[in-house]
Amino acid sequence: MKNLQPAMRENTRYLKFRIHSEEKVELSGFVDSFWDSAVDFLGSRTLSKASPWIIANKFDEEKQEGVIRVNREEIDAVRAALTLIQSFKGRNGFVEVVKISGAVRGVSESE
Amino acid sequence: MDRSPDLCIREKTTEVVEKARELGWRDPESYETKFLDAEDWGELKRKIQKNRENFDVLVFNGGSEKLNRKAASDARIDVLLHPEKGRKDSGVDEVISKKAAENKVAIGFDLHQLFQTPKIQTHILSHWRKNLRLCEKFDTRYIITTGATEKTDFRAPRDLASVLDSIEFDGRKALNTQEKILEENLKIQEKGVKGGVKRE
């Protein structure tokens, strides 16, 4: 498929998050909790605008960190949905947003 | 600028305190909060009198319309927490909001209230919107708190603020108000101003 012109592309931000939990959380556990929380809190309508995308190969299970790509306009909404996560596969835990950047390199290289 | 405090931490265990420091909150051990519960105004009044001088922050757990109004009318109370709890309405009307603004009582939004089924979460958020509109209109103070009882209840300050940002209100202001309340109370204690003495 042909790429969109730059002016037509949506403006995205990359959001680096860290999981705090009693036990290590796998990517699938995070994905389930994120979508449950996001659909409950934001609903399909807002979520379709936010178009969040969890970047699988940026998820570091050791450090419990990962990156989500999200539309710039809805960054607060997605951040709030992350705040409302309470557990991962039945284990208590929460998510902290560490950094937000306009480029994926910006969040990958940060400590 | 100092780190903002979370004024309504329910249990300050070692784990909770450490997590709060790690996430960037002000050290919870540097101030003491007292939560007040009461059935009627007489009981609440007695509790306020007993605790005002011993604690840095007084928080009234709201929910009853009559006591919400009484709490908003008493300048010795710092925070009226979750006025909408257990109610079908939002628990704050124009009168309560005006009185709270006059007496510098902050309306507290407790994140714990949102950890419910999506249906209840929707109702709570709708109450929050109504209360925040009144707070903005009458310039009433408002805060947002985690109401943490254990370490996994905590959230980072900026993440907490984003919940209010997402419903189009100012989360940063809610965080700054907590700092303001604590600073004011600590200053009054340093100066030794006692209850009943009117400052000019």
# chains A, B, ... in the order shown; residues from 1 in each chain; ligands from 1
$ select_by_dssp --residues "stretch 17-194 of chain B" --states "strand (DSSP E or B)" --output "NGL selection string"
:B and (33-36 or 57-61 or 79-81 or 106-110 or 142-145)
$ residues_around --residues "A:Val25" --least-positions-apart "3" --cutoff "7 Å" --atoms "only C-alpha atoms" --output "ChimeraX atom specification"
/A:29-30,88
$ interface_residues --of "chain B" --to "chain A" --cutoff "7 Å" --atoms "only C-alpha atoms" --output "NGL selection string"
:B and (118 or 152 or 155-156 or 159-160 or 162-163 or 165-166)
$ atom_distance --atom1 "atom CA of A:Thr46" --atom2 "atom CA of A:Gly102"
20.8 Å
$ residues_around --residues "stretch 175-185 of chain B" --least-positions-apart "6" --cutoff "8 Å" --atoms "only C-alpha atoms" --output "list in words"
Arg3, Ser4, Pro5, Asp6, Leu7, Asp56, Val57, Asp78, Arg141, Tyr142, Ile143, Ile144, Pro157 and Ala161 of chain B
$ write_last_selection --atoms "all heavy atoms" --output "short mmCIF file (atom, residue, chain, number, x, y, z; two decimals), in the first residue's frame"
data_model
loop_
_atom_site.label_atom_id
_atom_site.label_comp_id
_atom_site.auth_asym_id
_atom_site.auth_seq_id
_atom_site.Cartn_x
_atom_site.Cartn_y
_atom_site.Cartn_z
N ARG B 3 8.40 18.61 45.90
CA ARG B 3 7.53 17.55 45.40
C ARG B 3 6.18 17.67 46.09
O ARG B 3 6.11 18.03 47.26
CB ARG B 3 8.14 16.19 45.76
CG ARG B 3 9.42 15.92 45.02
CD ARG B 3 10.09 14.72 45.63
NE ARG B 3 10.97 14.08 44.67
CZ ARG B 3 11.38 12.84 44.79
NH1 ARG B 3 11.02 12.11 45.81
NH2 ARG B 3 12.18 12.30 43.89
N SER B 4 5.13 17.35 45.34
CA SER B 4 3.82 17.53 45.98
C SER B 4 3.49 16.31 46.85
O SER B 4 3.92 15.19 46.55
CB SER B 4 2.75 17.77 44.93
OG SER B 4 2.36 16.59 44.35
N PRO B 5 2.77 16.55 47.94
CA PRO B 5 2.45 15.43 48.83
C PRO B 5 1.12 14.78 48.45
O PRO B 5 0.29 15.41 47.80
CB PRO B 5 2.29 16.14 50.18
CG PRO B 5 1.81 17.51 49.82
CD PRO B 5 2.34 17.85 48.47
N ASP B 6 0.94 13.53 48.82
CA ASP B 6 -0.38 12.91 48.69
C ASP B 6 -0.99 12.95 50.09
O ASP B 6 -0.58 12.20 50.98
CB ASP B 6 -0.24 11.46 48.19
CG ASP B 6 -1.61 10.84 47.90
OD1 ASP B 6 -2.62 11.46 48.27
OD2 ASP B 6 -1.66 9.76 47.31
N LEU B 7 -1.95 13.85 50.28
CA LEU B 7 -2.44 14.13 51.63
C LEU B 7 -3.31 13.01 52.22
O LEU B 7 -3.50 12.96 53.41
CB LEU B 7 -3.25 15.43 51.63
CG LEU B 7 -2.48 16.72 51.32
CD1 LEU B 7 -3.41 17.91 51.40
CD2 LEU B 7 -1.31 16.90 52.28
N ASP B 56 -1.35 17.55 60.95
CA ASP B 56 -1.08 18.60 59.96
C ASP B 56 -2.26 18.78 59.02
O ASP B 56 -2.52 19.88 58.54
CB ASP B 56 0.16 18.23 59.14
CG ASP B 56 1.39 18.08 60.02
OD1 ASP B 56 1.54 18.92 60.91
OD2 ASP B 56 2.15 17.12 59.83
N VAL B 57 -2.94 17.68 58.73
CA VAL B 57 -4.04 17.76 57.77
C VAL B 57 -5.26 17.02 58.32
O VAL B 57 -5.13 15.89 58.80
CB VAL B 57 -3.64 17.12 56.41
CG1 VAL B 57 -4.76 17.26 55.40
CG2 VAL B 57 -2.35 17.71 55.88
N ASP B 78 -9.49 20.56 56.28
CA ASP B 78 -8.71 20.87 55.09
C ASP B 78 -9.30 20.26 53.83
O ASP B 78 -9.30 20.88 52.78
CB ASP B 78 -7.27 20.38 55.26
CG ASP B 78 -6.58 21.07 56.42
OD1 ASP B 78 -6.63 22.31 56.45
OD2 ASP B 78 -6.04 20.37 57.29
N ARG B 141 -11.12 25.02 46.09
CA ARG B 141 -9.92 24.19 45.94
C ARG B 141 -10.32 22.74 45.68
O ARG B 141 -11.33 22.28 46.20
CB ARG B 141 -9.12 24.22 47.23
CG ARG B 141 -8.47 25.55 47.49
CD ARG B 141 -7.83 25.50 48.85
NE ARG B 141 -6.96 26.65 49.05
CZ ARG B 141 -6.13 26.78 50.07
NH1 ARG B 141 -6.06 25.84 50.98
NH2 ARG B 141 -5.37 27.83 50.18
N TYR B 142 -9.54 22.04 44.90
CA TYR B 142 -9.77 20.61 44.75
C TYR B 142 -8.44 19.86 44.64
O TYR B 142 -7.45 20.42 44.19
CB TYR B 142 -10.70 20.28 43.57
CG TYR B 142 -10.25 20.74 42.22
CD1 TYR B 142 -9.40 19.96 41.43
CD2 TYR B 142 -10.68 21.96 41.71
CE1 TYR B 142 -9.01 20.38 40.17
CE2 TYR B 142 -10.29 22.38 40.46
CZ TYR B 142 -9.46 21.59 39.69
OH TYR B 142 -9.07 22.01 38.45
N ILE B 143 -8.47 18.63 45.13
CA ILE B 143 -7.26 17.82 45.08
C ILE B 143 -7.61 16.43 44.52
O ILE B 143 -8.76 16.03 44.53
CB ILE B 143 -6.62 17.64 46.48
CG1 ILE B 143 -7.53 16.83 47.41
CG2 ILE B 143 -6.26 18.96 47.09
CD1 ILE B 143 -6.83 16.31 48.64
N ILE B 144 -6.59 15.74 44.06
CA ILE B 144 -6.79 14.34 43.67
C ILE B 144 -5.79 13.50 44.44
O ILE B 144 -4.64 13.89 44.62
CB ILE B 144 -6.70 14.12 42.14
CG1 ILE B 144 -6.99 12.64 41.83
CG2 ILE B 144 -5.37 14.56 41.55
CD1 ILE B 144 -7.35 12.37 40.40
N PRO B 157 2.62 10.97 40.53
CA PRO B 157 1.83 12.21 40.59
C PRO B 157 1.27 12.63 39.22
O PRO B 157 0.10 12.96 39.10
CB PRO B 157 2.82 13.25 41.11
CG PRO B 157 3.89 12.49 41.75
CD PRO B 157 3.94 11.13 41.15
N ALA B 161 -2.64 12.98 37.93
CA ALA B 161 -3.19 14.22 37.36
C ALA B 161 -3.83 13.98 36.00
O ALA B 161 -4.80 14.63 35.62
CB ALA B 161 -2.08 15.27 37.25
#
$ residues_around --residues "A:Asn71" --least-positions-apart "3" --cutoff "10 Å" --atoms "only C-alpha atoms" --output "list in words"
Glu10, Asn11, Thr12, Arg13, Tyr14, Leu47, Ser48, Lys49, Ala50, Ser51, Pro52, Trp53, Glu74, Ile75 and Val78 of chain A
$ write_last_selection --atoms "N, CA and C atoms" --output "compact mmCIF listing (two decimals), in the first residue's frame"
# COMPACT_ATOMS: atom_id res chain seq x y z
N GLU A 10 -1.11 10.76 10.96
CA GLU A 10 -1.48 11.22 12.29
C GLU A 10 -0.22 11.50 13.12
N ASN A 11 -0.37 12.48 14.03
CA ASN A 11 0.77 12.82 14.87
C ASN A 11 0.82 11.87 16.05
N THR A 12 1.90 11.18 16.18
CA THR A 12 1.98 10.19 17.25
C THR A 12 2.98 10.60 18.32
N ARG A 13 2.80 10.02 19.48
CA ARG A 13 3.77 10.15 20.58
C ARG A 13 4.10 8.75 21.08
N TYR A 14 5.30 8.59 21.56
CA TYR A 14 5.70 7.30 22.13
C TYR A 14 5.79 7.45 23.64
N LEU A 47 -11.05 5.35 22.01
CA LEU A 47 -9.90 4.49 21.76
C LEU A 47 -9.57 4.44 20.27
N SER A 48 -10.60 4.54 19.44
CA SER A 48 -10.34 4.52 18.00
C SER A 48 -9.58 5.78 17.58
N LYS A 49 -9.85 6.88 18.28
CA LYS A 49 -9.10 8.12 18.00
C LYS A 49 -7.67 8.01 18.51
N ALA A 50 -7.54 7.39 19.68
CA ALA A 50 -6.21 7.28 20.30
C ALA A 50 -5.32 6.30 19.53
N SER A 51 -5.93 5.33 18.90
CA SER A 51 -5.25 4.23 18.19
C SER A 51 -3.94 3.80 18.86
N PRO A 52 -4.04 3.28 20.07
CA PRO A 52 -2.82 2.84 20.77
C PRO A 52 -2.23 1.58 20.15
N TRP A 53 -0.93 1.50 20.17
CA TRP A 53 -0.22 0.34 19.61
C TRP A 53 0.93 -0.01 20.55
N GLU A 74 -4.77 12.31 22.13
CA GLU A 74 -5.42 11.50 23.17
C GLU A 74 -4.42 10.97 24.19
N ILE A 75 -3.31 11.65 24.31
CA ILE A 75 -2.27 11.10 25.19
C ILE A 75 -2.70 11.07 26.66
N VAL A 78 -5.10 8.07 27.27
CA VAL A 78 -4.42 6.77 27.35
C VAL A 78 -3.63 6.68 28.65
$ atom_distance --atom1 "atom CA of B:Leu186" --atom2 "atom CA of B:Lys45"
22.1 Å
$ closest_residue --among "B:His127, B:Leu134, B:Ser30, B:Phe35" --to "B:Glu11" --atoms "only C-alpha atoms"
B:Phe35
$ residues_around --residues "B:Glu39" --least-positions-apart "4" --cutoff "9 Å" --atoms "only C-alpha atoms" --output "list in words"
Glu43, Leu44, Ser64 and Leu67 of chain B
$ residues_around --residues "stretch 79-92 of chain B" --least-positions-apart "2" --cutoff "10 Å" --atoms "only C-alpha atoms" --output "VMD selection string"
chain B and resid 7 to 8 35 to 36 57 to 69 71 to 72 75 to 77 94 to 98 100 104 to 113 123 to 132 134 to 135 141 to 145 147 178 181
$ residues_around --residues "stretch 55-60 of chain A" --least-positions-apart "3" --cutoff "12 Å" --atoms "only C-alpha atoms" --output "PyMOL selection string"
chain A and resi 14-19+24-28+30-31+52+63-70+104-105+107-109
$ write_last_selection --atoms "N, CA and C atoms" --output "CSV table (one decimal), in the first residue's frame"
chain,number,residue,atom,x,y,z
A,14,TYR,N,5.3,8.6,21.6
A,14,TYR,CA,5.7,7.3,22.1
A,14,TYR,C,5.8,7.4,23.6
A,15,LEU,N,5.2,6.5,24.3
A,15,LEU,CA,5.0,6.6,25.7
A,15,LEU,C,5.7,5.4,26.4
A,16,LYS,N,6.8,5.7,27.1
A,16,LYS,CA,7.5,4.6,27.8
A,16,LYS,C,6.9,4.4,29.2
A,17,PHE,N,6.6,3.1,29.5
A,17,PHE,CA,6.0,2.8,30.8
A,17,PHE,C,6.8,1.8,31.5
A,18,ARG,N,6.5,1.8,32.8
A,18,ARG,CA,7.2,0.8,33.7
A,18,ARG,C,6.1,0.1,34.5
A,19,ILE,N,6.2,-1.2,34.6
A,19,ILE,CA,5.3,-2.0,35.4
A,19,ILE,C,5.8,-2.2,36.8
A,24,LYS,N,6.9,-10.7,38.1
A,24,LYS,CA,7.2,-10.2,36.8
A,24,LYS,C,6.0,-10.5,35.8
A,25,VAL,N,5.7,-9.5,35.0
A,25,VAL,CA,4.5,-9.5,34.1
A,25,VAL,C,5.0,-9.8,32.7
A,26,GLU,N,4.4,-10.7,32.0
A,26,GLU,CA,4.7,-11.0,30.6
A,26,GLU,C,3.9,-10.0,29.7
A,27,LEU,N,4.4,-9.9,28.5
A,27,LEU,CA,3.7,-8.9,27.6
A,27,LEU,C,2.2,-9.2,27.4
A,28,SER,N,1.9,-10.5,27.3
A,28,SER,CA,0.5,-10.8,27.1
A,28,SER,C,-0.4,-10.4,28.3
A,30,PHE,N,0.3,-7.8,30.3
A,30,PHE,CA,0.1,-6.4,30.2
A,30,PHE,C,-0.9,-6.0,29.1
A,31,VAL,N,-0.8,-6.7,28.0
A,31,VAL,CA,-1.7,-6.3,26.8
A,31,VAL,C,-3.2,-6.5,27.3
A,52,PRO,N,-4.0,3.3,20.1
A,52,PRO,CA,-2.8,2.8,20.8
A,52,PRO,C,-2.2,1.6,20.2
A,63,LYS,N,13.4,-5.6,32.7
A,63,LYS,CA,13.3,-4.3,33.4
A,63,LYS,C,11.8,-3.9,33.6
A,64,GLN,N,10.9,-4.7,33.0
A,64,GLN,CA,9.5,-4.5,33.1
A,64,GLN,C,9.1,-3.1,32.5
A,65,GLU,N,9.7,-2.8,31.3
A,65,GLU,CA,9.4,-1.6,30.7
A,65,GLU,C,9.0,-1.8,29.2
A,66,GLY,N,8.2,-0.9,28.7
A,66,GLY,CA,7.8,-1.1,27.3
A,66,GLY,C,7.4,0.3,26.7
A,67,VAL,N,6.9,0.2,25.4
A,67,VAL,CA,6.6,1.5,24.7
A,67,VAL,C,5.2,1.3,24.1
A,68,ILE,N,4.4,2.4,24.2
A,68,ILE,CA,3.1,2.4,23.5
A,68,ILE,C,3.1,3.6,22.5
A,69,ARG,N,2.7,3.3,21.3
A,69,ARG,CA,2.5,4.5,20.4
A,69,ARG,C,1.1,4.9,20.4
A,70,VAL,N,0.9,6.2,20.5
A,70,VAL,CA,-0.5,6.7,20.7
A,70,VAL,C,-0.7,8.1,19.9
A,104,VAL,N,10.5,7.3,18.6
A,104,VAL,CA,10.7,6.0,19.4
A,104,VAL,C,12.1,5.9,19.9
A,105,ARG,N,13.1,6.6,19.2
A,105,ARG,CA,14.4,6.6,19.7
A,105,ARG,C,14.5,7.3,21.0
A,107,VAL,N,12.4,7.5,23.5
A,107,VAL,CA,12.1,6.7,24.7
A,107,VAL,C,13.0,5.5,24.9
A,108,SER,N,13.5,5.0,23.7
A,108,SER,CA,14.3,3.8,23.8
A,108,SER,C,15.6,4.0,24.5
A,109,GLU,N,16.2,5.2,24.2
A,109,GLU,CA,17.5,5.5,24.7
A,109,GLU,C,17.5,6.1,26.1
$ atom_distance --atom1 "atom CA of B:Glu136" --atom2 "atom CA of B:Asp170"
9.6 Å
